[in-house]
Each structure stands twice: as C-alpha cells, then as structure tokens.
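**Q** I'd like to ask you about the structure that follows.
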Amino acid sequence: GESVGLHLPTLSVQEGDNSIINCAYSNSASDYFIWYKQESGKGPQFIIDIRSNMDKRQGQRVTVLLNKTVKHLSLQIAATQPGDSAVYFCAENIAGSARQLTFGSGTQLTVLP
Amino acid sequence: GAVVSQHPSWVICKSGTSVKIECRSLDFQATTMFWYRQFPKQSLMLMATSNEGSKATYEQGVEKDKFLINHASLTLSTLTVTSAHPEDSSFYICSAKGQGDYGYTFGSGTRLTVV
C-alpha cells in the first residue's frame, strides 16, 4: 500500500550546524503534513505542520519544505542543539479520510558535541 | 495548548491477563481518538480509530476482540489488551483530535511488557 518513507534512517550533525531531514510520500491525495519529534520512551511531540497549498513554512529554528511535484517533504533545523537529538517522523493525512495520520519510518538525529 | 493524558506510563502483566490503558483529553473535546502501537526502533502503526459513541474502526490485521476500544465520552478513550501474550509487548500511544481542526495531540505512551 502507499506509505510515507524517509531517505535517511540516521543522521549525525555537529552542534551548531544545520540539520536536514527528508521524507518521501507517495499518496498524491495527502493534503496535510506534520513533523514530529519523539524522544525515547515518550509520545510524539508536534514540531511543525504544512498544508498542501503551501510549499514552505517556518517556525522557531525549523522550516518545513513541501515539493508536491516530487512528493517530497523536508525538515530543516537551524543551529542544531543537543536537545534536538531524537527520532523525527513525518506524517501525512489524506484528504477525505477519517483524518488518521500515516507515519514515515523515522530518522534518528544525533547531535555531536 | 491541548493536553492528552495517558495512563499508565508503563505496566507489566502476566500472560493471559488483561490490561486497560486510558487516554484523556484534559482541555478539549476529542471527537476522534487514535490508537497506535510502536515496536522498538520502528514507526507508529495505527491500530484503530474511534469516534465518541461509535464502534472503533480497526486497521487490517488488528484483532478487534483482542484490542477492545471504548470511547464513551468526548474526553476518554480506553484500550484494553485482552489475554495478553508476550508478543503484545509494545509501546502503545493514543492521539486525540478535536472537531473541525487539524490538530492532533499525542499522549505520552504506555510501555506494556507481558511476561
């Protein structure tokens, strides 16, 4: 079936550098996307979202880019900090569905001192 | 902001017993709640979707008689793992959504270990 997937399962960055986490989705009917951060033993924490009528959205130190042409989503974290170390998931929601989210496979981000 | 409280945070039970997990929306009415299961180093897999006052809709491969979901009020949903077996050991996470918005709020998860 269609699913959301990630290009890189692990990512290590130096503290202070920028991080880019990528996500590919295959369902063209998806109209809403969310990035979550999950720390060990905890539930997902909302980071930023974007609707399909947008191609970029910025938050505090984070930016999400959406390329509907190639069905690609990315999360950019500026000036990565040790507290950013976690697993990051993208999730998609399909228009007209029961609004459940489909999660990607996740990327483990490790921030090196 | 919206808060979802999930209890217990962890539980250990013997094979064959049942375990109930509660998910409460503390400051909003959750018209829809979702239950996920997550195995180590894997993603969240949707188990079922429940709307207040209605029967839950289960994903393919999820046994509805084994994973009983009750969504009796707009602020509470429960997941009962019946006759638990070691292979049911996992991290269970609930999510709640209010009416008419895109917001999804997740609980903190329940680590279930069946021995």
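Ordered as shown in the structure tokens, chains take letters A, B, and onward, while each chain numbers its residues from 1 and ligands are numbered from 1 in the order shown.
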Could you pull out all residues of chain A with a DSSP call of strand (DSSP E) and give them as a PyMOL selection string?
**A** chain A and resi 4-5+10-14+19-25+30-38+45-51+56-58+62-67+72-77+86-94+101-103+107-112
**Q** Could you give me, as JSON lines, a per-residue list for chain B showing, wherever an atom lies at most 6 Å from an atom of chain A, the closest pair of atoms and their distance in Å to one decimal, using only C-alpha atoms and sorting by chain then residue number from low to high?
**A**
```
{"residue": "B:Ser43", "atom": "CA", "partner": "A:Ser105", "partner_atom": "CA", "distance": 5.0}
{"residue": "B:Gly107", "atom": "CA", "partner": "A:Gly43", "partner_atom": "CA", "distance": 5.8}
{"residue": "B:Ser108", "atom": "CA", "partner": "A:Gly43", "partner_atom": "CA", "distance": 4.2}
{"residue": "B:Gly109", "atom": "CA", "partner": "A:Gly43", "partner_atom": "CA", "distance": 5.3}
```
**Q** Taking only C-alpha atoms into account, which of A:Ser52, A:Thr10, A:Thr110, A:Gln60 comes nearest His72 (chain A)?
**A**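 Among the listed residues, A:Ser52 lies closest to His72 (chain A).
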**Q** Taking 2 positions as the minimum chain separation for residues in the same chain, which residues sit within 8 Å of Lys68 (chain A) when counting only C-alpha atoms? Answer as a list in words.
**A**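 In the requested form, the answer reads Ser28, Ser52, Asp55, Leu66, Val70, Lys71 and His72 of chain A.
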**Q** Let me see the file: selected residues, C-alpha atoms, as a compact mmCIF listing (two decimals), in the first residue's frame.
**A**
```
# COMPACT_ATOMS: atom_id res chain seq x y z
CA SER A 28 -0.90 12.44 -4.07
CA SER A 52 -0.66 21.16 0.61
CA ASP A 55 5.43 24.99 -0.14
CA LEU A 66 6.96 20.71 0.62
CA VAL A 70 8.19 15.05 -6.48
CA LYS A 71 6.20 14.26 -3.33
CA HIS A 72 8.97 15.29 -1.01
```
